[in-house]
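Text of run.cif (mmCIF, C-alpha atoms, pLDDT in the B column; chains and numbers go by the auth columns) as supplied:
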```cif
data_final
loop_
_atom_site.group_PDB
_atom_site.id
_atom_site.type_symbol
_atom_site.label_atom_id
_atom_site.label_comp_id
_atom_site.label_asym_id
_atom_site.label_seq_id
_atom_site.Cartn_x
_atom_site.Cartn_y
_atom_site.Cartn_z
_atom_site.B_iso_or_equiv
_atom_site.auth_seq_id
_atom_site.auth_asym_id
ATOM 1 C CA MET A 1 -18.322 19.323 -27.809 36.00 203 A
ATOM 2 C CA SER A 2 -20.088 16.834 -25.539 40.00 204 A
ATOM 3 C CA GLU A 3 -18.358 13.905 -27.231 44.00 205 A
ATOM 4 C CA HIS A 4 -14.955 15.519 -26.704 47.00 206 A
ATOM 5 C CA THR A 5 -15.749 16.156 -23.042 58.00 207 A
ATOM 6 C CA ASN A 6 -16.814 12.533 -22.528 83.00 208 A
ATOM 7 C CA LYS A 7 -13.627 11.269 -24.161 88.00 209 A
ATOM 8 C CA GLN A 8 -11.561 13.586 -21.990 90.00 210 A
ATOM 9 C CA PHE A 9 -13.438 12.439 -18.904 91.00 211 A
ATOM 10 C CA SER A 10 -12.724 8.794 -19.755 91.00 212 A
ATOM 11 C CA THR A 11 -9.077 9.647 -20.297 93.00 213 A
ATOM 12 C CA ASP A 12 -8.923 11.462 -16.956 93.00 214 A
ATOM 13 C CA LEU A 13 -10.469 8.486 -15.157 94.00 215 A
ATOM 14 C CA GLU A 14 -8.061 6.044 -16.753 95.00 216 A
ATOM 15 C CA THR A 15 -5.080 8.269 -15.946 96.00 217 A
ATOM 16 C CA THR A 16 -6.202 8.460 -12.321 96.00 218 A
ATOM 17 C CA ARG A 17 -6.515 4.668 -12.165 96.00 219 A
ATOM 18 C CA SER A 18 -3.112 4.170 -13.779 97.00 220 A
ATOM 19 C CA LEU A 19 -1.343 6.593 -11.476 97.00 221 A
ATOM 20 C CA PHE A 20 -2.856 4.928 -8.418 98.00 222 A
ATOM 21 C CA LEU A 21 -1.747 1.490 -9.628 97.00 223 A
ATOM 22 C CA GLN A 22 1.722 2.915 -10.251 97.00 224 A
ATOM 23 C CA MET A 23 1.785 4.270 -6.699 98.00 225 A
ATOM 24 C CA GLY A 24 0.665 0.892 -5.376 97.00 226 A
ATOM 25 C CA GLY A 25 3.402 -0.916 -7.264 97.00 227 A
ATOM 26 C CA LEU A 26 5.994 1.351 -5.657 98.00 228 A
ATOM 27 C CA VAL A 27 4.596 0.718 -2.183 98.00 229 A
ATOM 28 C CA GLU A 28 4.523 -3.043 -2.735 97.00 230 A
ATOM 29 C CA SER A 29 8.208 -3.004 -3.697 97.00 231 A
ATOM 30 C CA MET A 30 9.009 -0.777 -0.696 97.00 232 A
ATOM 31 C CA VAL A 31 7.573 -3.325 1.733 97.00 233 A
ATOM 32 C CA ARG A 32 9.516 -6.135 0.053 96.00 234 A
ATOM 33 C CA ASP A 33 12.755 -4.154 0.086 96.00 235 A
ATOM 34 C CA GLY A 34 12.296 -2.961 3.657 95.00 236 A
ATOM 35 C CA MET A 35 12.015 -6.545 4.858 93.00 237 A
ATOM 36 C CA GLU A 36 14.883 -7.591 2.605 93.00 238 A
ATOM 37 C CA VAL A 37 17.067 -5.199 4.595 92.00 239 A
ATOM 38 C CA LEU A 38 16.053 -7.092 7.732 89.00 240 A
ATOM 39 C CA ILE A 39 16.553 -10.541 6.228 87.00 241 A
ATOM 40 C CA SER A 40 19.714 -10.060 4.140 87.00 242 A
ATOM 41 C CA GLY A 41 21.337 -6.997 5.678 87.00 243 A
ATOM 42 C CA ASP A 42 21.522 -5.239 2.289 92.00 244 A
ATOM 43 C CA LEU A 43 21.682 -1.703 3.687 93.00 245 A
ATOM 44 C CA ALA A 44 21.852 -0.127 0.226 94.00 246 A
ATOM 45 C CA LEU A 45 18.138 -0.909 -0.093 96.00 247 A
ATOM 46 C CA VAL A 46 17.328 1.597 2.662 96.00 248 A
ATOM 47 C CA ASP A 47 18.162 4.549 0.416 96.00 249 A
ATOM 48 C CA GLN A 48 16.136 2.954 -2.373 96.00 250 A
ATOM 49 C CA VAL A 49 13.116 2.672 -0.102 97.00 251 A
ATOM 50 C CA ARG A 50 13.501 6.295 0.968 96.00 252 A
ATOM 51 C CA GLU A 51 13.669 7.513 -2.625 96.00 253 A
ATOM 52 C CA ARG A 52 10.546 5.563 -3.509 97.00 254 A
ATOM 53 C CA GLU A 53 8.785 7.067 -0.508 97.00 255 A
ATOM 54 C CA LYS A 54 9.385 10.520 -1.991 97.00 256 A
ATOM 55 C CA GLU A 55 7.871 9.381 -5.282 97.00 257 A
ATOM 56 C CA VAL A 56 4.881 7.876 -3.445 97.00 258 A
ATOM 57 C CA ASN A 57 4.293 11.192 -1.668 97.00 259 A
ATOM 58 C CA ARG A 58 4.524 13.057 -4.975 97.00 260 A
ATOM 59 C CA LEU A 59 1.997 10.721 -6.582 97.00 261 A
ATOM 60 C CA GLU A 60 -0.373 11.083 -3.641 97.00 262 A
ATOM 61 C CA VAL A 61 -0.481 14.854 -4.117 97.00 263 A
ATOM 62 C CA GLU A 62 -0.783 14.608 -7.915 97.00 264 A
ATOM 63 C CA ILE A 63 -3.604 12.059 -7.810 98.00 265 A
ATOM 64 C CA ASP A 64 -5.478 13.952 -5.103 96.00 266 A
ATOM 65 C CA GLU A 65 -5.331 17.159 -7.124 96.00 267 A
ATOM 66 C CA ARG A 66 -6.412 15.314 -10.266 96.00 268 A
ATOM 67 C CA ILE A 67 -9.435 13.808 -8.484 96.00 269 A
ATOM 68 C CA GLY A 68 -10.561 17.241 -7.284 95.00 270 A
ATOM 69 C CA TYR A 69 -10.196 18.627 -10.798 94.00 271 A
ATOM 70 C CA VAL A 70 -12.095 15.762 -12.443 94.00 272 A
ATOM 71 C CA ILE A 71 -14.985 15.965 -9.966 94.00 273 A
ATOM 72 C CA ALA A 72 -15.267 19.753 -10.257 93.00 274 A
ATOM 73 C CA ARG A 73 -15.168 19.713 -14.048 91.00 275 A
ATOM 74 C CA ASN A 74 -17.377 16.711 -14.794 91.00 276 A
ATOM 75 C CA GLN A 75 -19.634 16.252 -11.756 88.00 277 A
ATOM 76 C CA PRO A 76 -19.590 12.452 -12.189 90.00 278 A
ATOM 77 C CA THR A 77 -22.328 10.219 -10.824 86.00 279 A
ATOM 78 C CA ALA A 78 -22.828 6.552 -9.868 87.00 280 A
ATOM 79 C CA ILE A 79 -19.888 4.222 -10.576 89.00 281 A
ATOM 80 C CA ASP A 80 -17.564 6.975 -11.822 93.00 282 A
ATOM 81 C CA LEU A 81 -18.069 9.012 -8.663 94.00 283 A
ATOM 82 C CA ARG A 82 -17.579 5.924 -6.490 94.00 284 A
ATOM 83 C CA LEU A 83 -14.334 5.217 -8.349 95.00 285 A
ATOM 84 C CA LEU A 84 -12.974 8.682 -7.669 96.00 286 A
ATOM 85 C CA LEU A 85 -14.125 8.723 -4.040 95.00 287 A
ATOM 86 C CA SER A 86 -12.658 5.259 -3.479 96.00 288 A
ATOM 87 C CA VAL A 87 -9.285 6.216 -4.922 97.00 289 A
ATOM 88 C CA SER A 88 -9.300 9.357 -2.780 96.00 290 A
ATOM 89 C CA LYS A 89 -9.743 7.230 0.362 96.00 291 A
ATOM 90 C CA MET A 90 -7.320 4.529 -0.802 97.00 292 A
ATOM 91 C CA LEU A 91 -4.615 7.129 -1.410 96.00 293 A
ATOM 92 C CA THR A 92 -4.296 7.747 2.310 96.00 294 A
ATOM 93 C CA ASP A 93 -4.015 4.049 3.127 97.00 295 A
ATOM 94 C CA MET A 94 -1.483 3.469 0.360 98.00 296 A
ATOM 95 C CA GLU A 95 0.670 6.403 1.456 97.00 297 A
ATOM 96 C CA ARG A 96 0.637 5.132 5.032 97.00 298 A
ATOM 97 C CA CYS A 97 1.746 1.708 3.823 97.00 299 A
ATOM 98 C CA GLY A 98 4.718 3.489 2.287 97.00 300 A
ATOM 99 C CA ASP A 99 5.417 5.259 5.580 97.00 301 A
ATOM 100 C CA GLU A 100 5.415 1.943 7.429 97.00 302 A
ATOM 101 C CA ALA A 101 7.715 0.370 4.820 97.00 303 A
ATOM 102 C CA GLU A 102 10.189 3.200 5.308 97.00 304 A
ATOM 103 C CA LYS A 103 10.051 2.685 9.092 97.00 305 A
ATOM 104 C CA ILE A 104 10.773 -1.025 8.615 96.00 306 A
ATOM 105 C CA ALA A 105 13.806 -0.279 6.452 96.00 307 A
ATOM 106 C CA LYS A 106 15.224 2.238 8.947 95.00 308 A
ATOM 107 C CA VAL A 107 14.724 -0.043 11.959 94.00 309 A
ATOM 108 C CA ALA A 108 16.181 -3.003 10.056 92.00 310 A
ATOM 109 C CA ARG A 109 19.271 -0.946 9.226 93.00 311 A
ATOM 110 C CA ARG A 110 19.687 -0.048 12.888 90.00 312 A
ATOM 111 C CA LEU A 111 19.460 -3.718 13.871 87.00 313 A
ATOM 112 C CA HIS A 112 22.183 -4.747 11.447 86.00 314 A
ATOM 113 C CA GLU A 113 24.418 -1.806 12.267 85.00 315 A
ATOM 114 C CA THR A 114 24.330 -2.574 15.997 79.00 316 A
ATOM 115 C CA ASP A 115 24.658 -6.351 15.700 62.00 317 A
ATOM 116 C CA GLY A 116 25.843 -8.032 12.511 50.00 318 A
ATOM 117 C CA ARG A 117 24.968 -11.457 13.939 54.00 319 A
ATOM 118 C CA TYR A 118 21.283 -10.660 14.036 54.00 320 A
ATOM 119 C CA THR A 119 18.937 -13.351 12.609 59.00 321 A
ATOM 120 C CA PRO A 120 15.275 -12.417 11.969 56.00 322 A
ATOM 121 C CA ILE A 121 12.513 -14.568 13.378 68.00 323 A
ATOM 122 C CA VAL A 122 10.524 -16.672 10.981 66.00 324 A
ATOM 123 C CA GLU A 123 7.092 -15.183 11.752 72.00 325 A
ATOM 124 C CA LEU A 124 8.118 -11.832 10.316 87.00 326 A
ATOM 125 C CA ARG A 125 8.808 -13.477 6.973 87.00 327 A
ATOM 126 C CA HIS A 126 5.359 -15.041 7.070 86.00 328 A
ATOM 127 C CA MET A 127 3.765 -11.702 7.940 90.00 329 A
ATOM 128 C CA THR A 128 5.628 -10.022 5.104 93.00 330 A
ATOM 129 C CA ASN A 129 4.371 -12.574 2.582 92.00 331 A
ATOM 130 C CA TYR A 130 0.810 -12.046 3.808 92.00 332 A
ATOM 131 C CA VAL A 131 0.824 -8.251 3.743 96.00 333 A
ATOM 132 C CA VAL A 132 2.649 -7.963 0.406 96.00 334 A
ATOM 133 C CA GLY A 133 0.103 -10.396 -1.025 96.00 335 A
ATOM 134 C CA MET A 134 -2.723 -8.307 0.438 97.00 336 A
ATOM 135 C CA ILE A 135 -1.423 -5.116 -1.152 98.00 337 A
ATOM 136 C CA HIS A 136 -1.001 -6.918 -4.474 97.00 338 A
ATOM 137 C CA ASP A 137 -4.481 -8.419 -4.353 98.00 339 A
ATOM 138 C CA SER A 138 -6.041 -5.099 -3.317 98.00 340 A
ATOM 139 C CA LEU A 139 -4.478 -3.484 -6.377 97.00 341 A
ATOM 140 C CA ASP A 140 -5.477 -6.406 -8.575 98.00 342 A
ATOM 141 C CA SER A 141 -9.071 -6.318 -7.338 97.00 343 A
ATOM 142 C CA PHE A 142 -9.154 -2.581 -8.015 97.00 344 A
ATOM 143 C CA ALA A 143 -7.733 -2.948 -11.531 96.00 345 A
ATOM 144 C CA ARG A 144 -10.140 -5.790 -12.382 96.00 346 A
ATOM 145 C CA GLU A 145 -13.070 -4.389 -10.372 96.00 347 A
ATOM 146 C CA ASP A 146 -13.232 -7.756 -8.636 97.00 348 A
ATOM 147 C CA PRO A 147 -15.136 -7.571 -5.322 97.00 349 A
ATOM 148 C CA LEU A 148 -14.625 -11.289 -4.590 97.00 350 A
ATOM 149 C CA LEU A 149 -10.847 -10.912 -4.590 97.00 351 A
ATOM 150 C CA ALA A 150 -11.236 -7.803 -2.436 97.00 352 A
ATOM 151 C CA ALA A 151 -13.303 -9.814 0.056 97.00 353 A
ATOM 152 C CA GLN A 152 -10.511 -12.392 0.217 97.00 354 A
ATOM 153 C CA VAL A 153 -8.105 -9.613 1.203 97.00 355 A
ATOM 154 C CA VAL A 154 -10.447 -8.670 4.055 97.00 356 A
ATOM 155 C CA ARG A 155 -10.458 -12.293 5.231 96.00 357 A
ATOM 156 C CA ASN A 156 -6.660 -12.530 4.954 95.00 358 A
ATOM 157 C CA ASP A 157 -6.276 -9.699 7.440 94.00 359 A
ATOM 158 C CA LYS A 158 -7.357 -12.169 10.124 93.00 360 A
ATOM 159 C CA GLU A 159 -4.291 -14.277 9.281 91.00 361 A
ATOM 160 C CA VAL A 160 -2.032 -11.253 9.595 93.00 362 A
ATOM 161 C CA ASP A 161 -3.499 -10.568 13.035 93.00 363 A
ATOM 162 C CA LYS A 162 -2.696 -14.162 14.032 92.00 364 A
ATOM 163 C CA GLU A 163 0.865 -13.781 12.762 89.00 365 A
ATOM 164 C CA TRP A 164 1.209 -10.515 14.678 92.00 366 A
ATOM 165 C CA LYS A 165 0.181 -12.195 17.951 91.00 367 A
ATOM 166 C CA ALA A 166 2.462 -15.168 17.282 89.00 368 A
ATOM 167 C CA SER A 167 5.385 -12.836 16.567 88.00 369 A
ATOM 168 C CA LEU A 168 4.753 -10.914 19.770 89.00 370 A
ATOM 169 C CA ARG A 169 4.756 -14.133 21.809 89.00 371 A
ATOM 170 C CA HIS A 170 7.968 -15.265 20.119 87.00 372 A
ATOM 171 C CA ILE A 171 9.690 -11.918 20.708 86.00 373 A
ATOM 172 C CA ILE A 172 8.697 -11.891 24.398 88.00 374 A
ATOM 173 C CA THR A 173 10.108 -15.409 24.777 87.00 375 A
ATOM 174 C CA TYR A 174 13.229 -14.216 22.996 80.00 376 A
ATOM 175 C CA MET A 175 13.664 -11.406 25.586 84.00 377 A
ATOM 176 C CA ILE A 176 13.028 -13.673 28.571 87.00 378 A
ATOM 177 C CA GLU A 177 15.646 -16.156 27.395 84.00 379 A
ATOM 178 C CA ASP A 178 18.292 -13.485 26.831 82.00 380 A
ATOM 179 C CA PRO A 179 17.669 -10.072 28.478 82.00 381 A
ATOM 180 C CA ARG A 180 20.754 -8.700 26.697 82.00 382 A
ATOM 181 C CA ILE A 181 18.780 -8.463 23.448 80.00 383 A
ATOM 182 C CA ILE A 182 15.820 -6.499 24.840 85.00 384 A
ATOM 183 C CA THR A 183 16.654 -3.411 22.779 85.00 385 A
ATOM 184 C CA ARG A 184 16.833 -5.432 19.559 85.00 386 A
ATOM 185 C CA ALA A 185 13.676 -7.315 20.484 86.00 387 A
ATOM 186 C CA ILE A 186 11.795 -4.044 20.912 89.00 388 A
ATOM 187 C CA ASP A 187 12.898 -3.085 17.405 90.00 389 A
ATOM 188 C CA LEU A 188 11.440 -6.371 16.191 90.00 390 A
ATOM 189 C CA VAL A 189 8.144 -5.457 17.840 92.00 391 A
ATOM 190 C CA PHE A 190 8.157 -2.158 15.942 93.00 392 A
ATOM 191 C CA ILE A 191 8.699 -3.993 12.655 94.00 393 A
ATOM 192 C CA ALA A 192 5.974 -6.543 13.372 94.00 394 A
ATOM 193 C CA ARG A 193 3.610 -3.726 14.332 95.00 395 A
ATOM 194 C CA SER A 194 4.346 -1.921 11.066 97.00 396 A
ATOM 195 C CA LEU A 195 3.560 -5.084 9.113 96.00 397 A
ATOM 196 C CA GLU A 196 0.281 -5.480 11.002 96.00 398 A
ATOM 197 C CA ARG A 197 -0.657 -1.892 10.183 97.00 399 A
ATOM 198 C CA ILE A 198 0.148 -2.424 6.504 98.00 400 A
ATOM 199 C CA GLY A 199 -2.259 -5.354 6.576 97.00 401 A
ATOM 200 C CA ASP A 200 -4.937 -3.102 8.070 97.00 402 A
ATOM 201 C CA HIS A 201 -4.415 -0.505 5.338 98.00 403 A
ATOM 202 C CA ALA A 202 -4.587 -3.178 2.620 98.00 404 A
ATOM 203 C CA LYS A 203 -7.865 -4.398 4.127 98.00 405 A
ATOM 204 C CA ASN A 204 -9.220 -0.835 4.113 97.00 406 A
ATOM 205 C CA MET A 205 -8.373 -0.511 0.423 98.00 407 A
ATOM 206 C CA ALA A 206 -10.082 -3.799 -0.373 98.00 408 A
ATOM 207 C CA GLU A 207 -13.214 -2.600 1.421 97.00 409 A
ATOM 208 C CA ARG A 208 -13.195 0.511 -0.770 97.00 410 A
ATOM 209 C CA VAL A 209 -13.021 -1.679 -3.876 97.00 411 A
ATOM 210 C CA ILE A 210 -16.197 -3.456 -2.757 97.00 412 A
ATOM 211 C CA TYR A 211 -17.848 -0.072 -2.218 96.00 413 A
ATOM 212 C CA MET A 212 -16.693 1.043 -5.662 95.00 414 A
ATOM 213 C CA VAL A 213 -18.184 -2.004 -7.390 95.00 415 A
ATOM 214 C CA ARG A 214 -21.229 -2.804 -5.243 95.00 416 A
ATOM 215 C CA GLY A 215 -22.033 0.628 -3.850 92.00 417 A
ATOM 216 C CA ALA A 216 -22.150 -0.776 -0.305 92.00 418 A
ATOM 217 C CA ASP A 217 -20.021 0.282 2.648 92.00 419 A
ATOM 218 C CA VAL A 218 -18.731 -2.929 4.256 94.00 420 A
ATOM 219 C CA ARG A 219 -16.601 -1.323 6.948 92.00 421 A
ATOM 220 C CA HIS A 220 -17.272 -2.784 10.410 89.00 422 A
ATOM 221 C CA THR A 221 -19.744 -5.357 9.042 90.00 423 A
ATOM 222 C CA GLY A 222 -17.589 -8.461 9.607 90.00 424 A
ATOM 223 C CA VAL A 223 -15.917 -10.836 7.192 94.00 425 A
ATOM 224 C CA LYS A 224 -18.960 -12.993 6.393 93.00 426 A
ATOM 225 C CA ALA A 225 -21.191 -9.998 5.668 94.00 427 A
ATOM 226 C CA THR A 226 -18.428 -8.514 3.535 94.00 428 A
ATOM 227 C CA GLU A 227 -18.163 -11.705 1.497 93.00 429 A
ATOM 228 C CA ARG A 228 -21.932 -11.822 0.955 94.00 430 A
ATOM 229 C CA THR A 229 -21.943 -8.201 -0.168 92.00 431 A
ATOM 230 C CA ALA A 230 -19.065 -8.915 -2.545 93.00 432 A
ATOM 231 C CA ARG A 231 -21.138 -11.706 -4.105 92.00 433 A
ATOM 232 C CA GLY A 232 -24.063 -9.313 -4.521 90.00 434 A
ATOM 233 C CA GLU A 233 -26.116 -11.005 -1.799 91.00 435 A
ATOM 234 C CA ASP A 234 -27.975 -9.611 1.196 84.00 436 A
ATOM 235 C CA PRO A 235 -25.236 -9.172 3.828 82.00 437 A
ATOM 236 C CA TYR A 236 -27.705 -9.948 6.634 77.00 438 A
ATOM 237 C CA GLU A 237 -29.389 -12.911 4.950 69.00 439 A
ATOM 238 C CA GLU A 238 -28.155 -15.469 7.472 58.00 440 A
ATOM 239 C CA GLU A 239 -29.194 -13.317 10.399 51.00 441 A
ATOM 240 C CA ASN A 240 -32.728 -13.034 8.981 48.00 442 A
ATOM 241 C CA GLU A 241 -33.150 -16.773 8.488 40.00 443 A
ATOM 242 C CA VAL A 242 -35.328 -18.613 11.021 33.00 444 A
#
```
As structure tokens - that is how I would like this structure written.
Amino acid sequence: MSEHTNKQFSTDLETTRSLFLQMGGLVESMVRDGMEVLISGDLALVDQVREREKEVNRLEVEIDERIGYVIARNQPTAIDLRLLLSVSKMLTDMERCGDEAEKIAKVARRLHETDGRYTPIVELRHMTNYVVGMIHDSLDSFAREDPLLAAQVVRNDKEVDKEWKASLRHIITYMIEDPRIITRAIDLVFIARSLERIGDHAKNMAERVIYMVRGADVRHTGVKATERTARGEDPYEEENEV
């Protein structure tokens, strides 16, 4: 009976992992498609993003319920418990990434519907590449239980913040040069802000991967301390050196 229970527990864990990775793949494609609406004007993608958002929400509820069931039935400890707790936290960040992707698609549609001559600024493409890469690497680090890759995601969030500030400066210049496009420029700010938030959520997920593998909470510790923790080193080693 114990052997059967252990096998079932392993199956439940793997199913939880697989469903979360499936959810992440949907969100990654949503961000890509939302920005593709902005770049190419393919408005048909908006409905596709919205349909995927519904599936993401469904998966969030299913995974959350599954985690509660697995914990109640098996009372897992150590790495298995950290896995389930990490996924539970990451679910919220992943779902919010999906929300932001849907916002991007809707705002992009509005931009193209009000002005077919609209051309997106280059920084938003750069931001998109960064944040999509961060989501992908967060998922990859989770699947491979790779804390070093997760730490790289945390570091990459600094680049997204730089791109966000650069985009804001560009958009403000854009408005000053031509006040007639202020409304459209504000929409661009909303899109850039959504991308920046997606980067934050991807960073949060990467931090949970490090917790899952190393058992250490690296939130608010800084990039260098996070990287040392990911390597299995004392995060405060440099501070303690004379």
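Here atom CA of A:Val362 and atom CA of A:Gly401 stand 6.6 Å from one another.
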Skipping near chain neighbours, those fewer than 4 positions away, what residues fall within 8 Å of A:Ala427 using only C-alpha atoms, listed as a PyMOL selection string? chain A and resi 420+423+431+437-438
Long-range neighbours of stretch 328-341 of chain A as a PyMOL selection string, 10 Å cut-off, all atoms listed in the file, 4 positions minimum in chain: chain A and resi 222-227+229-234+236-238+296+299+323-324+345-349+351-359+361-366+369+394+397-411
Taking (-12.7, 10.0, -17.8) as a centre in this file's frame and 12 Å as the limit, can you find every polymer residue with an atom that close, using all atoms listed in the file, and give them as a PDB file with C-alpha atoms, in the frame of the given file?
```
ATOM      1  CA  GLU A 205     -18.358  13.905 -27.231  1.00 44.00           C
ATOM      2  CA  HIS A 206     -14.955  15.519 -26.704  1.00 47.00           C
ATOM      3  CA  THR A 207     -15.749  16.156 -23.042  1.00 58.00           C
ATOM      4  CA  ASN A 208     -16.814  12.533 -22.528  1.00 83.00           C
ATOM      5  CA  LYS A 209     -13.627  11.269 -24.161  1.00 88.00           C
ATOM      6  CA  GLN A 210     -11.561  13.586 -21.990  1.00 90.00           C
ATOM      7  CA  PHE A 211     -13.438  12.439 -18.904  1.00 91.00           C
ATOM      8  CA  SER A 212     -12.724   8.794 -19.755  1.00 91.00           C
ATOM      9  CA  THR A 213      -9.077   9.647 -20.297  1.00 93.00           C
ATOM     10  CA  ASP A 214      -8.923  11.462 -16.956  1.00 93.00           C
ATOM     11  CA  LEU A 215     -10.469   8.486 -15.157  1.00 94.00           C
ATOM     12  CA  GLU A 216      -8.061   6.044 -16.753  1.00 95.00           C
ATOM     13  CA  THR A 217      -5.080   8.269 -15.946  1.00 96.00           C
ATOM     14  CA  THR A 218      -6.202   8.460 -12.321  1.00 96.00           C
ATOM     15  CA  ARG A 219      -6.515   4.668 -12.165  1.00 96.00           C
ATOM     16  CA  SER A 220      -3.112   4.170 -13.779  1.00 97.00           C
ATOM     17  CA  ARG A 268      -6.412  15.314 -10.266  1.00 96.00           C
ATOM     18  CA  ILE A 269      -9.435  13.808  -8.484  1.00 96.00           C
ATOM     19  CA  TYR A 271     -10.196  18.627 -10.798  1.00 94.00           C
ATOM     20  CA  VAL A 272     -12.095  15.762 -12.443  1.00 94.00           C
ATOM     21  CA  ILE A 273     -14.985  15.965  -9.966  1.00 94.00           C
ATOM     22  CA  ARG A 275     -15.168  19.713 -14.048  1.00 91.00           C
ATOM     23  CA  ASN A 276     -17.377  16.711 -14.794  1.00 91.00           C
ATOM     24  CA  GLN A 277     -19.634  16.252 -11.756  1.00 88.00           C
ATOM     25  CA  PRO A 278     -19.590  12.452 -12.189  1.00 90.00           C
ATOM     26  CA  THR A 279     -22.328  10.219 -10.824  1.00 86.00           C
ATOM     27  CA  ILE A 281     -19.888   4.222 -10.576  1.00 89.00           C
ATOM     28  CA  ASP A 282     -17.564   6.975 -11.822  1.00 93.00           C
ATOM     29  CA  LEU A 283     -18.069   9.012  -8.663  1.00 94.00           C
ATOM     30  CA  LEU A 285     -14.334   5.217  -8.349  1.00 95.00           C
ATOM     31  CA  LEU A 286     -12.974   8.682  -7.669  1.00 96.00           C
TER      32      LEU A 286
END
```
For A:Arg252, work out the shell of residues within 9 Å, counting only C-alpha atoms and skipping chain neighbours fewer than 4 positions away, then give it as a PDB file with C-alpha atoms, in the coordinates of the input.
```
ATOM      1  CA  MET A 232       9.009  -0.777  -0.696  1.00 97.00           C
ATOM      2  CA  LEU A 247      18.138  -0.909  -0.093  1.00 96.00           C
ATOM      3  CA  VAL A 248      17.328   1.597   2.662  1.00 96.00           C
ATOM      4  CA  LYS A 256       9.385  10.520  -1.991  1.00 97.00           C
ATOM      5  CA  GLU A 257       7.871   9.381  -5.282  1.00 97.00           C
ATOM      6  CA  GLU A 304      10.189   3.200   5.308  1.00 97.00           C
ATOM      7  CA  ALA A 307      13.806  -0.279   6.452  1.00 96.00           C
TER       8      ALA A 307
END
```
Atomic separation - atom CA of A:Gln250 relative to atom CA of A:Ile265, Å: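 Atom CA of A:Gln250 lies at a distance of 22.4 Å from atom CA of A:Ile265.
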Answer key for the PyMOL selection byres ((chain A and resi 388) around 12), residues as a PyMOL selection string: chain A and resi 309-310+312-313+369-370+372-374+376-377+381-387+389-395
Export of prior selection with C-alpha atoms as a compact mmCIF listing (two decimals), keeping the file's coordinate frame:
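The new file part05.txt reads:
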```
# COMPACT_ATOMS: atom_id res chain seq x y z
CA VAL A 309 14.72 -0.04 11.96
CA ALA A 310 16.18 -3.00 10.06
CA ARG A 312 19.69 -0.05 12.89
CA LEU A 313 19.46 -3.72 13.87
CA SER A 369 5.38 -12.84 16.57
CA LEU A 370 4.75 -10.91 19.77
CA HIS A 372 7.97 -15.26 20.12
CA ILE A 373 9.69 -11.92 20.71
CA ILE A 374 8.70 -11.89 24.40
CA TYR A 376 13.23 -14.22 23.00
CA MET A 377 13.66 -11.41 25.59
CA PRO A 381 17.67 -10.07 28.48
CA ARG A 382 20.75 -8.70 26.70
CA ILE A 383 18.78 -8.46 23.45
CA ILE A 384 15.82 -6.50 24.84
CA THR A 385 16.65 -3.41 22.78
CA ARG A 386 16.83 -5.43 19.56
CA ALA A 387 13.68 -7.32 20.48
CA ASP A 389 12.90 -3.08 17.40
CA LEU A 390 11.44 -6.37 16.19
CA VAL A 391 8.14 -5.46 17.84
CA PHE A 392 8.16 -2.16 15.94
CA ILE A 393 8.70 -3.99 12.66
CA ALA A 394 5.97 -6.54 13.37
CA ARG A 395 3.61 -3.73 14.33
```
Provide the atom CA of A:Arg311 to atom CA of A:Ala246 distance in Å, to one decimal place.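 Calculated distance between atom CA of A:Arg311 and atom CA of A:Ala246 is 9.4 Å.
If all atoms listed in the file are the atoms counted, then among A:Leu228, A:Arg327, A:Asp235, A:Ser288 the closest residue to A:Met414 is A:Ser288.
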Of the candidates A:Val239, A:Ile378, A:Ala418, A:Leu287, which shows the shortest atom-to-atom distance to A:Asp436, using all atoms listed in the file?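 The shortest atom-to-atom distance to A:Asp436 comes from A:Ala418.
Closest to A:Arg284 among A:Gly243, A:Gly300, A:Gly270, A:Gly417 is A:Gly417, based on all atoms listed in the file.
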Nearest to A:Asp419 by atom-to-atom distance, counting only C-alpha atoms, from A:Val263, A:Leu221, A:Leu245, A:Ala432: A:Ala432
